[in-house]
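Trainee: After the structure tokens below, expect a handful of questions from me.
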Number of protein chains: 2
Amino acid sequence: MTPFGSAVRFVLFVNGLLLLVLATAMVVPMLVDLGMANADWWAFAGSAGVCSFIGAALALSCRGLSDRLNARAGYLLTVSAWVLVSLFGSLPLYFSSLGLTFTDAYFETMSALTTTGSTVLSGLDDMAPGLLLWRSLMQWIGGVGIVVMAMMLLPMLRVGGMQLFRTESSDISGKPVARVVHMAALTVMVYVGLSVLCAIGYDLAGMGSFDAINHAMATIATGGYSTKDASMGYFNSVPIEIVGIVFMAAGALPLIFYAHLFTKGSRAFFQERQVVVFLGVLTGAVLLMTAWNVDANHMPLWHALRVSAFNVTSVLTDTGFATTDFGAWGSFATGLFFMLMIIGGCAGSTAGGIKIFRWQILWGGLVRQLRQMVRPNQILLTRYAGHAVDDQTILGVRNFFFIYMMTLLVLSVAVMATGPDFLSAITLVAQGMANAGPGLGTLGGPSGNFEALSDPTKWVLIGAMLLGRLELMTVYVLFIAEYWRD
Amino acid sequence: MTPFGSAVRFVLFVNGLLLLVLATAMVVPMLVDLGMANADWWAFAGSAGVCSFIGAALALSCRGLSDRLNARAGYLLTVSAWVLVSLFGSLPLYFSSLGLTFTDAYFETMSALTTTGSTVLSGLDDMAPGLLLWRSLMQWIGGVGIVVMAMMLLPMLRVGGMQLFRTESSDISGKPVARVVHMAALTVMVYVGLSVLCAIGYDLAGMGSFDAINHAMATIATGGYSTKDASMGYFNSVPIEIVGIVFMAAGALPLIFYAHLFTKGSRAFFQERQVVVFLGVLTGAVLLMTAWNVDANHMPLWHALRVSAFNVTSVLTDTGFATTDFGAWGSFATGLFFMLMIIGGCAGSTAGGIKIFRWQILWGGLVRQLRQMVRPNQILLTRYAGHAVDDQTILGVRNFFFIYMMTLLVLSVAVMATGPDFLSAITLVAQGMANAGPGLGTLGGPSGNFEALSDPTKWVLIGAMLLGRLELMTVYVLFIAEYWRD
Ligand SMILES: [K+]
Ligand SMILES: [K+]
């Protein structure tokens with residue numbers, strides 16, 4: 001067997017394990033529906049059966065060839081995991097009483113697992129609890145999944161400047177494998193801890209337990225699926241919105257930052273430079289939007305601050321909750337939301353977008369280039385968290401920006417070819433790639449829904465979500481001939 | 001005097017010379033208006049007087065300090081030349097019988113000199129010939145001005161990967177200064193030759209001499225100012241449109257390419273790799289748009305081909321003539337036009353946009369990065385015209401792309417704050433930065449006009465035209481503190 005052949009077997013083995021995890025997760029909504037005597041329990045039971053059977057078959061037949069994971073297998077593992085888990089995760093939706101088409105079921109599942117949160121479903125307020133829980137659960141699993149993957153795989157793969165985080169774990173002693181496992185365990189612990197805190201917060205703020213649990217999972221995952229058609233606007237509650245703001249922002253910070261905060265205190269802010277910049281951008285954007293809402297939309301100051309704080313946090317963290325139709329705030333607000341959406345949260349969090357550390361590198365590199373233009377013979381460095389950033393990382397980040405914008409433009413034109421207008425198309429694709437949730441046009445806007453889009457549009461958006469979530473290059477590398485040559 | 005102080009004097013000296021050239025150019029429309037007994041002749045006479053007085057004062061008072069031009073002085077020279085010449089070039093419009101505001105006069109002039117071609121004027125069909133000629137003349141001068149500047153200064157300045165063209169002139173023997181002068185002379189000769197051919201072409205196609213001369217200047221400069229409110233649509237003539245297509249494309253090819261074609265034959269195509277790619281993009285875009293117009297807009301094939309060929313060529317070359325309101329072709333066409341607009345023509349031509357060679361470097365660098373992801377230990381090169389492109393050039397081009405897209409987004413949001421909707425704002429700024437001419441929204445669209453925009457919007461667009469024409473970094477470098485420190 002060729003080395004690549006054995007790597008493919010390893011990929012299938014891991015996918016088998018993931019399907020077994022998925023099958024286990026399906027048991028939770030099954031039990032809830034069974035307890036409520038809801039007929040959809042069999043959709044979960046049947047799907048869990050299919051997942052465990054195929055998962056076990058893959059895991060057992062490909063077991064034993066423990067090849068060391070190389071870069072090539074890493075890409076395939078990442079992409080196949082998201083495509084396959086979405087496929088099997090969509091089975092309960094497809095088999096349920098909702099009567100969804102395959103396209104809609106797959107769209108909803110990919111949207112959940114990539115923590116995008118664009119939904120084709122309506123009538124959420126009266127929906128069976130098992131299905132609501134399944135949507136939240138998939139967002140929650142997808143959220144921690146991407147963080148663990150970004151931590152374990154991407155730095156090795158040197159995708160889009162992620163190599164910057166390769167040495168981040170150097171303070172944890174031990175062998176590489178032990179270190180990675182330790183980091184992953186720490187991450188999951190922090191994630192679970194934040195989710196519990198968030199659920200308690202929502203509950204105390206008066207949300208009710210079931211909604212609190214669902215919204216907590218969707219908040220920490222910066223996913224944005226709600227149990228209400230009107231999203232967070234349904235509750236119309238300041239305390240709930242404050243809990244939402246705090247934990248959406250918490251979900252957009254690197255999970256490892258909390259561990260560092262605990263072990264290192266305020267030095268963690270220096271090591272995680274993204275955090276300070278992210279909080280600064282958030283504050284600035286909230287103030288700017290508040291001023292705009294007071295000035296142009298004639299809102300009273302406190303109301304303007306309230307709706308701006310919540311919806312700006314929701315868009316910048318790419319969560320996608322809404323408390324109002326902010327598409328009606330005028331074109332400046334739309335433009336600002338568009339920029340916040342693609343700025344995104346911190347690397348190592350569940351948030352989407354281009355991510356804060358890349359903006360720091362891009363900005364630092366730009367200033368360096370301008371200085372170099374004035375003093376051509378001086379050697380200048382771009383720094384990040386006290387270390388000089390090498391040219392290869394800067395090249396990688398700039399390449400990422402290029403391919404991000406080109407993907408955005410090309411997919412937008414593709415969506416336009418399927419019908420939607422310019423604004424709807426470009427914001428639909430931008431929200432998909434940023435895993436944000438709502439678009440900003442008349443189609444799929446903040447108060448809207450993705451049901452009405454045509455199937456071709458939905459498939460382009462499925463591609464956009466996958467590409468954005470897996471940092472683009474991870475997917476594109478599978479499309480070059482060299483990848484498949486031994 | 002500090003070295004920088006003496007550089008500033010040199011910049012003032014060159015600006016003085018440029019104002020003298022401008023004053024001389026003003027004599028042409030003055031004579032035309034005088035010959036036609038049109039009262040606007042005194043606006044040209046007065047402006048010419050002011051220009052020659054200030055030009056002579058600057059040239060004489062700063063003469064004699066022939067400092068060798070360094071990079072720092074180069075940026076200041078470039079930016080100040082475009083700002084000042086636009087200021088003095090706007091005087092005839094401001095003093096004329098049109099009764100323009102200063103904002104409108106400056107907008108029209110900056111639009112002309114940057115070969116953008118966005119106009120605030122209407123009633124062109126009945127306008128005095130002197131004013132029409134002045135608009136065309138400024139486009140023509142601005143067109144050759146940018147090519148000569150891009151050839152002489154930008155490679156030295158290493159702006160946005162332009163260093164790639166530094167060795168282009170290595171086949172011309174002699175001292176550096178002699179070589180640059182030789183290249184500039186060759187460029188101007190080619191430019192004049194193409195303009196004469198184009199005017200003859202339009203004349204033979206039935207346009208009438210005055211319109212032929214004006215449109216020829218606007219075509220070779222890829223400027224797009226017409227003498228008719230309905231632009232090229234006024235003539236409704238296939239021969240005229242064919243001449244237009246040929247010479248718009250000719251204007252978007254590097255001017256030095258024609259010289260190479262003459263001295264080296266088909267080897268010139270290899271040396272100017274941009275040409276083949278540009279013609280390929282043009283052909284592909286025309287075919288795609290034709291197919292769309294047949295399929296979605298139900299046009300007969302020949303009509304679809306006719307309107308697609310002309311308007312696609314006009315947008316890709318950033319000329320901005322229109323034969324029909326292509327804003328009504330649907331959102332896919334709008335999206336495609338948007339992409340073509342920012343793709344742009346070849347470096348070393350009068351065309352705008354990001355420019356073909358940068359796309360080649362960006363694409364080549366992307367493919368290299370993807371290959372490197374599969375084979376991390378292999379050393380791979382990006383090639384351009386047979387030579388390996390060094391990492392610094394790739395970094396420069398990628399940085400240019402970043403700052404281009406960020407400028408586009410930030411200025412678009414600024415325009416949105418002044419009123420226009422999302423599509424109008426983003427396409428207005430994109431056309432300004434690409435020096436294209438028409439936007440694609442309801443405001444300033446292909447059939448529209450910029451008169452109705454507010455003054456703040458116009459000033460943002462003036463900034464966009466200047467930034468785009470001077471390759472952004474040339475302008476931004478003046479905004480860092482290091483530039484002004486000795
Ligand atoms: K989301
Ligand atoms: K133009």
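Ligands are numbered from 1 in the order shown, chains are lettered A, B, ... in the order of the structure tokens, and residues start at 1 in each chain.
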What lies within 6 Å of Ile240 of chain A using only C-alpha atoms, ignoring chain neighbours under 3 positions off, as a list in words?

Mentor: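 The contact residues come out as Tyr202, Ala205, Ser237 and Val243 of chain A.
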
Trainee: Could you save those same residues with all heavy atoms as a PDB file, in the first residue's frame?

Mentor:
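Writing done, so here's selection-v8.pdb:
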ATOM      1  N   TYR A 202     -28.783  32.664  31.055  1.00  0.00           N
ATOM      2  CA  TYR A 202     -30.058  32.823  30.340  1.00  0.00           C
ATOM      3  C   TYR A 202     -31.222  32.423  31.244  1.00  0.00           C
ATOM      4  O   TYR A 202     -32.280  33.068  31.251  1.00  0.00           O
ATOM      5  CB  TYR A 202     -30.078  31.970  29.067  1.00  0.00           C
ATOM      6  CG  TYR A 202     -29.369  32.587  27.878  1.00  0.00           C
ATOM      7  CD1 TYR A 202     -28.531  31.819  27.084  1.00  0.00           C
ATOM      8  CD2 TYR A 202     -29.573  33.921  27.535  1.00  0.00           C
ATOM      9  CE1 TYR A 202     -27.881  32.370  25.979  1.00  0.00           C
ATOM     10  CE2 TYR A 202     -28.941  34.477  26.433  1.00  0.00           C
ATOM     11  CZ  TYR A 202     -28.095  33.696  25.652  1.00  0.00           C
ATOM     12  OH  TYR A 202     -27.475  34.227  24.568  1.00  0.00           O
ATOM     13  N   ALA A 205     -31.900  34.997  33.754  1.00  0.00           N
ATOM     14  CA  ALA A 205     -32.472  36.178  33.097  1.00  0.00           C
ATOM     15  C   ALA A 205     -33.920  35.947  32.690  1.00  0.00           C
ATOM     16  O   ALA A 205     -34.551  36.833  32.113  1.00  0.00           O
ATOM     17  CB  ALA A 205     -31.631  36.570  31.888  1.00  0.00           C
ATOM     18  N   SER A 237     -35.955  41.309  26.187  1.00  0.00           N
ATOM     19  CA  SER A 237     -35.538  41.399  27.584  1.00  0.00           C
ATOM     20  C   SER A 237     -34.100  41.899  27.655  1.00  0.00           C
ATOM     21  O   SER A 237     -33.191  41.297  27.070  1.00  0.00           O
ATOM     22  CB  SER A 237     -35.646  40.013  28.232  1.00  0.00           C
ATOM     23  OG  SER A 237     -34.704  39.863  29.270  1.00  0.00           O
ATOM     24  N   VAL A 243     -26.769  38.978  28.773  1.00  0.00           N
ATOM     25  CA  VAL A 243     -26.147  37.650  28.822  1.00  0.00           C
ATOM     26  C   VAL A 243     -25.690  37.253  27.424  1.00  0.00           C
ATOM     27  O   VAL A 243     -24.575  36.752  27.229  1.00  0.00           O
ATOM     28  CB  VAL A 243     -27.131  36.606  29.399  1.00  0.00           C
ATOM     29  CG1 VAL A 243     -26.537  35.206  29.312  1.00  0.00           C
ATOM     30  CG2 VAL A 243     -27.480  36.947  30.840  1.00  0.00           C
TER      31      VAL A 243
END

Trainee: Taking only C-alpha atoms and all ligand atoms and a cut-off of 12 Å, can you tell me which residues surround ligand 2, written as a ChimeraX atom specification?

Mentor: /B:110-119,136,139-140,142-143,217-226,248,251-252,313-322,341,344-345,350-353,430-439,446,465,468-469

Trainee: Taking 2 positions as the minimum chain separation for residues in the same chain, which residues sit within 10 Å of segment 364-373 of chain A when counting only C-alpha atoms? Answer as number ranges by chain.

Mentor: A: 358-362, 375-384, 389, 391, 394-395, 397-398; B: 71-72, 75, 157-160, 395-396, 399-400, 402-403, 473-474, 476-483

Trainee: Applying 6 Å and only C-alpha atoms, which residues near segment 416-418 of chain A remain after dropping the ones on its own chain fewer than 5 positions away? List them as a PyMOL selection string.

Mentor: (chain A and resi 425) or (chain B and resi 331-332)

Trainee: Quick one: residues within 6 Å of segment 81-97 of chain A, only C-alpha atoms counted, chain neighbours fewer than 6 positions away excluded, as a PyMOL selection string?

Mentor: chain A and resi 15+40+43-44+47+105-106+109-110

Trainee: Go ahead and write the residues just picked, C-alpha atoms, as a PDB file, in the first residue's frame.

Mentor:
ATOM      1  CA  ASN A  15     -14.472   9.483  10.001  1.00  0.00           C
ATOM      2  CA  ASP A  40     -39.955  12.137  15.434  1.00  0.00           C
ATOM      3  CA  ALA A  43     -36.114   9.600  12.859  1.00  0.00           C
ATOM      4  CA  PHE A  44     -33.345   9.971  15.420  1.00  0.00           C
ATOM      5  CA  SER A  47     -30.439   7.778  11.851  1.00  0.00           C
ATOM      6  CA  ALA A 105     -31.866  19.041   5.152  1.00  0.00           C
ATOM      7  CA  TYR A 106     -28.225  19.181   4.035  1.00  0.00           C
ATOM      8  CA  THR A 109     -27.069  20.613   8.781  1.00  0.00           C
ATOM      9  CA  MET A 110     -24.047  22.175   7.089  1.00  0.00           C
TER      10      MET A 110
END

Trainee: List every residue of segment 352-443 of chain A that DSSP, applied to the backbone of this structure, places in strand (DSSP E), and write the result as a ChimeraX atom specification.

Mentor: /A:382-384,387-389

Trainee: Would you list the contacts of segment 280-286 of chain A as a list in words, taking every protein, DNA or RNA residue within 8 Å and counting only C-alpha atoms, but skipping same-chain residues closer than 4 positions in sequence?

Mentor: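 Counting only the stated atoms, we get Val276, Thr290, Leu305, Ser308, Ala309, Val312, Thr313 and Leu316 of chain A.
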
Trainee: Could you dump the residues just selected with all heavy atoms as a PDB file, in the first residue's frame?

Mentor:
ATOM      1  N   VAL A 276      -7.375  41.977  22.787  1.00  0.00           N
ATOM      2  CA  VAL A 276      -7.460  43.424  23.002  1.00  0.00           C
ATOM      3  C   VAL A 276      -8.002  44.102  21.737  1.00  0.00           C
ATOM      4  O   VAL A 276      -8.888  44.961  21.809  1.00  0.00           O
ATOM      5  CB  VAL A 276      -6.074  43.983  23.373  1.00  0.00           C
ATOM      6  CG1 VAL A 276      -6.148  45.478  23.588  1.00  0.00           C
ATOM      7  CG2 VAL A 276      -5.536  43.283  24.617  1.00  0.00           C
ATOM      8  N   THR A 290     -24.301  53.170  17.334  1.00  0.00           N
ATOM      9  CA  THR A 290     -25.207  53.911  18.214  1.00  0.00           C
ATOM     10  C   THR A 290     -25.353  55.353  17.725  1.00  0.00           C
ATOM     11  O   THR A 290     -26.477  55.875  17.617  1.00  0.00           O
ATOM     12  CB  THR A 290     -24.664  53.906  19.663  1.00  0.00           C
ATOM     13  OG1 THR A 290     -24.495  52.548  20.081  1.00  0.00           O
ATOM     14  CG2 THR A 290     -25.623  54.613  20.613  1.00  0.00           C
ATOM     15  N   LEU A 305     -28.348  52.462  21.879  1.00  0.00           N
ATOM     16  CA  LEU A 305     -27.244  51.713  22.467  1.00  0.00           C
ATOM     17  C   LEU A 305     -27.632  50.243  22.648  1.00  0.00           C
ATOM     18  O   LEU A 305     -26.858  49.336  22.334  1.00  0.00           O
ATOM     19  CB  LEU A 305     -26.872  52.331  23.821  1.00  0.00           C
ATOM     20  CG  LEU A 305     -25.671  51.694  24.524  1.00  0.00           C
ATOM     21  CD1 LEU A 305     -24.411  51.835  23.684  1.00  0.00           C
ATOM     22  CD2 LEU A 305     -25.441  52.331  25.888  1.00  0.00           C
ATOM     23  N   SER A 308     -27.951  48.547  19.169  1.00  0.00           N
ATOM     24  CA  SER A 308     -26.649  48.524  18.493  1.00  0.00           C
ATOM     25  C   SER A 308     -25.716  47.532  19.170  1.00  0.00           C
ATOM     26  O   SER A 308     -25.043  46.743  18.498  1.00  0.00           O
ATOM     27  CB  SER A 308     -26.015  49.916  18.518  1.00  0.00           C
ATOM     28  OG  SER A 308     -26.866  50.853  17.900  1.00  0.00           O
ATOM     29  N   ALA A 309     -25.674  47.567  20.515  1.00  0.00           N
ATOM     30  CA  ALA A 309     -24.761  46.686  21.240  1.00  0.00           C
ATOM     31  C   ALA A 309     -25.056  45.229  20.921  1.00  0.00           C
ATOM     32  O   ALA A 309     -24.145  44.452  20.595  1.00  0.00           O
ATOM     33  CB  ALA A 309     -24.870  46.933  22.743  1.00  0.00           C
ATOM     34  N   VAL A 312     -24.651  44.499  16.810  1.00  0.00           N
ATOM     35  CA  VAL A 312     -23.258  44.625  16.372  1.00  0.00           C
ATOM     36  C   VAL A 312     -22.421  43.468  16.928  1.00  0.00           C
ATOM     37  O   VAL A 312     -21.645  42.840  16.194  1.00  0.00           O
ATOM     38  CB  VAL A 312     -22.661  45.990  16.809  1.00  0.00           C
ATOM     39  CG1 VAL A 312     -21.146  45.974  16.738  1.00  0.00           C
ATOM     40  CG2 VAL A 312     -23.208  47.110  15.929  1.00  0.00           C
ATOM     41  N   THR A 313     -22.601  43.150  18.204  1.00  0.00           N
ATOM     42  CA  THR A 313     -21.877  42.010  18.784  1.00  0.00           C
ATOM     43  C   THR A 313     -22.222  40.729  18.032  1.00  0.00           C
ATOM     44  O   THR A 313     -21.353  39.916  17.723  1.00  0.00           O
ATOM     45  CB  THR A 313     -22.231  41.853  20.278  1.00  0.00           C
ATOM     46  OG1 THR A 313     -22.037  43.094  20.932  1.00  0.00           O
ATOM     47  CG2 THR A 313     -21.367  40.789  20.924  1.00  0.00           C
ATOM     48  N   LEU A 316     -20.422  40.972  14.491  1.00  0.00           N
ATOM     49  CA  LEU A 316     -18.957  40.907  14.541  1.00  0.00           C
ATOM     50  C   LEU A 316     -18.479  39.519  14.981  1.00  0.00           C
ATOM     51  O   LEU A 316     -17.493  39.003  14.455  1.00  0.00           O
ATOM     52  CB  LEU A 316     -18.391  41.977  15.483  1.00  0.00           C
ATOM     53  CG  LEU A 316     -16.864  41.952  15.664  1.00  0.00           C
ATOM     54  CD1 LEU A 316     -16.152  42.248  14.345  1.00  0.00           C
ATOM     55  CD2 LEU A 316     -16.406  42.936  16.730  1.00  0.00           C
TER      56      LEU A 316
END

Trainee: Using only C-alpha atoms, which of A:Val188, A:Leu409, A:Val429, A:Met289 sits nearest chain B?

Mentor: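 Smallest separation from chain B among the options: A:Leu409.
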
Trainee: Have a look at atom CA of Leu470 of chain B and atom CA of Val147 of chain B and let me know their distance in Å, one decimal.

Mentor: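 Result for atom CA of Leu470 of chain B versus atom CA of Val147 of chain B: 10.8 Å, one decimal.
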
Trainee: Quick one: residues within 12 Å of Asp203 of chain B, only C-alpha atoms counted, chain neighbours fewer than 3 positions away excluded, as a list in words?

Mentor: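 Using only C-alpha atoms, the neighbours found are Val196, Leu197, Cys198, Ala199, Ile200, Gly206, Met207, Gly208, Ser209, Phe210, Asp211, Ala212, Ile213, Asn214, His215, Ala216, Pro239, Ile240, Val243 and Gly244 of chain B.
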
Trainee: Mind dumping the selected residues with N, CA and C atoms as a PDB file, in the first residue's frame?

Mentor:
ATOM      1  N   VAL B 196      -4.129  59.118 -33.818  1.00  0.00           N
ATOM      2  CA  VAL B 196      -4.402  59.537 -35.204  1.00  0.00           C
ATOM      3  C   VAL B 196      -5.137  58.427 -35.946  1.00  0.00           C
ATOM      4  N   LEU B 197      -4.643  57.189 -35.799  1.00  0.00           N
ATOM      5  CA  LEU B 197      -5.315  56.063 -36.460  1.00  0.00           C
ATOM      6  C   LEU B 197      -6.767  55.946 -36.000  1.00  0.00           C
ATOM      7  N   CYS B 198      -6.979  56.105 -34.731  1.00  0.00           N
ATOM      8  CA  CYS B 198      -8.328  55.973 -34.166  1.00  0.00           C
ATOM      9  C   CYS B 198      -9.244  57.070 -34.714  1.00  0.00           C
ATOM     10  N   ALA B 199      -8.727  58.306 -34.765  1.00  0.00           N
ATOM     11  CA  ALA B 199      -9.540  59.412 -35.291  1.00  0.00           C
ATOM     12  C   ALA B 199      -9.893  59.169 -36.754  1.00  0.00           C
ATOM     13  N   ILE B 200      -8.929  58.701 -37.522  1.00  0.00           N
ATOM     14  CA  ILE B 200      -9.197  58.374 -38.930  1.00  0.00           C
ATOM     15  C   ILE B 200     -10.261  57.285 -39.018  1.00  0.00           C
ATOM     16  N   GLY B 206     -17.840  57.297 -40.244  1.00  0.00           N
ATOM     17  CA  GLY B 206     -18.977  58.208 -40.415  1.00  0.00           C
ATOM     18  C   GLY B 206     -19.286  59.112 -39.239  1.00  0.00           C
ATOM     19  N   MET B 207     -18.298  59.339 -38.353  1.00  0.00           N
ATOM     20  CA  MET B 207     -18.610  60.078 -37.137  1.00  0.00           C
ATOM     21  C   MET B 207     -18.601  61.589 -37.326  1.00  0.00           C
ATOM     22  N   GLY B 208     -17.898  62.100 -38.319  1.00  0.00           N
ATOM     23  CA  GLY B 208     -17.704  63.562 -38.418  1.00  0.00           C
ATOM     24  C   GLY B 208     -16.440  63.958 -37.700  1.00  0.00           C
ATOM     25  N   SER B 209     -15.673  64.916 -38.273  1.00  0.00           N
ATOM     26  CA  SER B 209     -14.307  65.166 -37.799  1.00  0.00           C
ATOM     27  C   SER B 209     -14.225  65.571 -36.330  1.00  0.00           C
ATOM     28  N   PHE B 210     -15.041  66.540 -35.904  1.00  0.00           N
ATOM     29  CA  PHE B 210     -14.919  67.029 -34.525  1.00  0.00           C
ATOM     30  C   PHE B 210     -15.186  65.923 -33.511  1.00  0.00           C
ATOM     31  N   ASP B 211     -16.282  65.194 -33.725  1.00  0.00           N
ATOM     32  CA  ASP B 211     -16.590  64.079 -32.822  1.00  0.00           C
ATOM     33  C   ASP B 211     -15.510  62.997 -32.902  1.00  0.00           C
ATOM     34  N   ALA B 212     -14.992  62.779 -34.111  1.00  0.00           N
ATOM     35  CA  ALA B 212     -13.966  61.736 -34.289  1.00  0.00           C
ATOM     36  C   ALA B 212     -12.719  62.068 -33.478  1.00  0.00           C
ATOM     37  N   ILE B 213     -12.281  63.340 -33.548  1.00  0.00           N
ATOM     38  CA  ILE B 213     -11.087  63.748 -32.799  1.00  0.00           C
ATOM     39  C   ILE B 213     -11.324  63.616 -31.300  1.00  0.00           C
ATOM     40  N   ASN B 214     -12.456  64.099 -30.826  1.00  0.00           N
ATOM     41  CA  ASN B 214     -12.764  64.011 -29.395  1.00  0.00           C
ATOM     42  C   ASN B 214     -12.857  62.567 -28.921  1.00  0.00           C
ATOM     43  N   HIS B 215     -13.606  61.757 -29.657  1.00  0.00           N
ATOM     44  CA  HIS B 215     -13.771  60.371 -29.228  1.00  0.00           C
ATOM     45  C   HIS B 215     -12.470  59.588 -29.349  1.00  0.00           C
ATOM     46  N   ALA B 216     -11.641  59.942 -30.329  1.00  0.00           N
ATOM     47  CA  ALA B 216     -10.350  59.249 -30.461  1.00  0.00           C
ATOM     48  C   ALA B 216      -9.489  59.500 -29.219  1.00  0.00           C
ATOM     49  N   PRO B 239     -20.045  50.048 -37.624  1.00  0.00           N
ATOM     50  CA  PRO B 239     -18.639  50.384 -37.917  1.00  0.00           C
ATOM     51  C   PRO B 239     -17.997  51.222 -36.811  1.00  0.00           C
ATOM     52  N   ILE B 240     -18.710  52.228 -36.319  1.00  0.00           N
ATOM     53  CA  ILE B 240     -18.165  53.060 -35.238  1.00  0.00           C
ATOM     54  C   ILE B 240     -17.883  52.214 -34.009  1.00  0.00           C
ATOM     55  N   VAL B 243     -14.666  50.182 -34.556  1.00  0.00           N
ATOM     56  CA  VAL B 243     -13.494  51.033 -34.337  1.00  0.00           C
ATOM     57  C   VAL B 243     -13.287  51.260 -32.845  1.00  0.00           C
ATOM     58  N   GLY B 244     -14.371  51.517 -32.137  1.00  0.00           N
ATOM     59  CA  GLY B 244     -14.300  51.732 -30.698  1.00  0.00           C
ATOM     60  C   GLY B 244     -13.725  50.528 -29.964  1.00  0.00           C
TER      61      GLY B 244
END

Trainee: As a ChimeraX atom specification, which residues of segment 5-208 of chain A does DSSP assign to helix (DSSP H, G or I)?

Mentor: /A:5-35,41-61,71-89,91-95,102-113,124-126,129-152,154-157,162-171,176-204

Trainee: What gap, in Å, lies between atom CA of Ser61 of chain B and atom CA of Ser80 of chain B?

Mentor: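 So the two atoms, atom CA of Ser61 of chain B and atom CA of Ser80 of chain B, lie 17.5 Å apart.
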
Trainee: Which is closer to chain A than all the others in B:Phe310, B:Phe269, B:Tyr191, B:Phe4, using only C-alpha atoms?

Mentor: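 Ranking B:Phe310, B:Phe269, B:Tyr191, B:Phe4 by distance to chain A, first place goes to B:Phe4.
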
Trainee: Closest to chain B among A:Gly348, A:Gly161, A:Gly419, A:Gly327, using only C-alpha atoms?

Mentor: A:Gly419
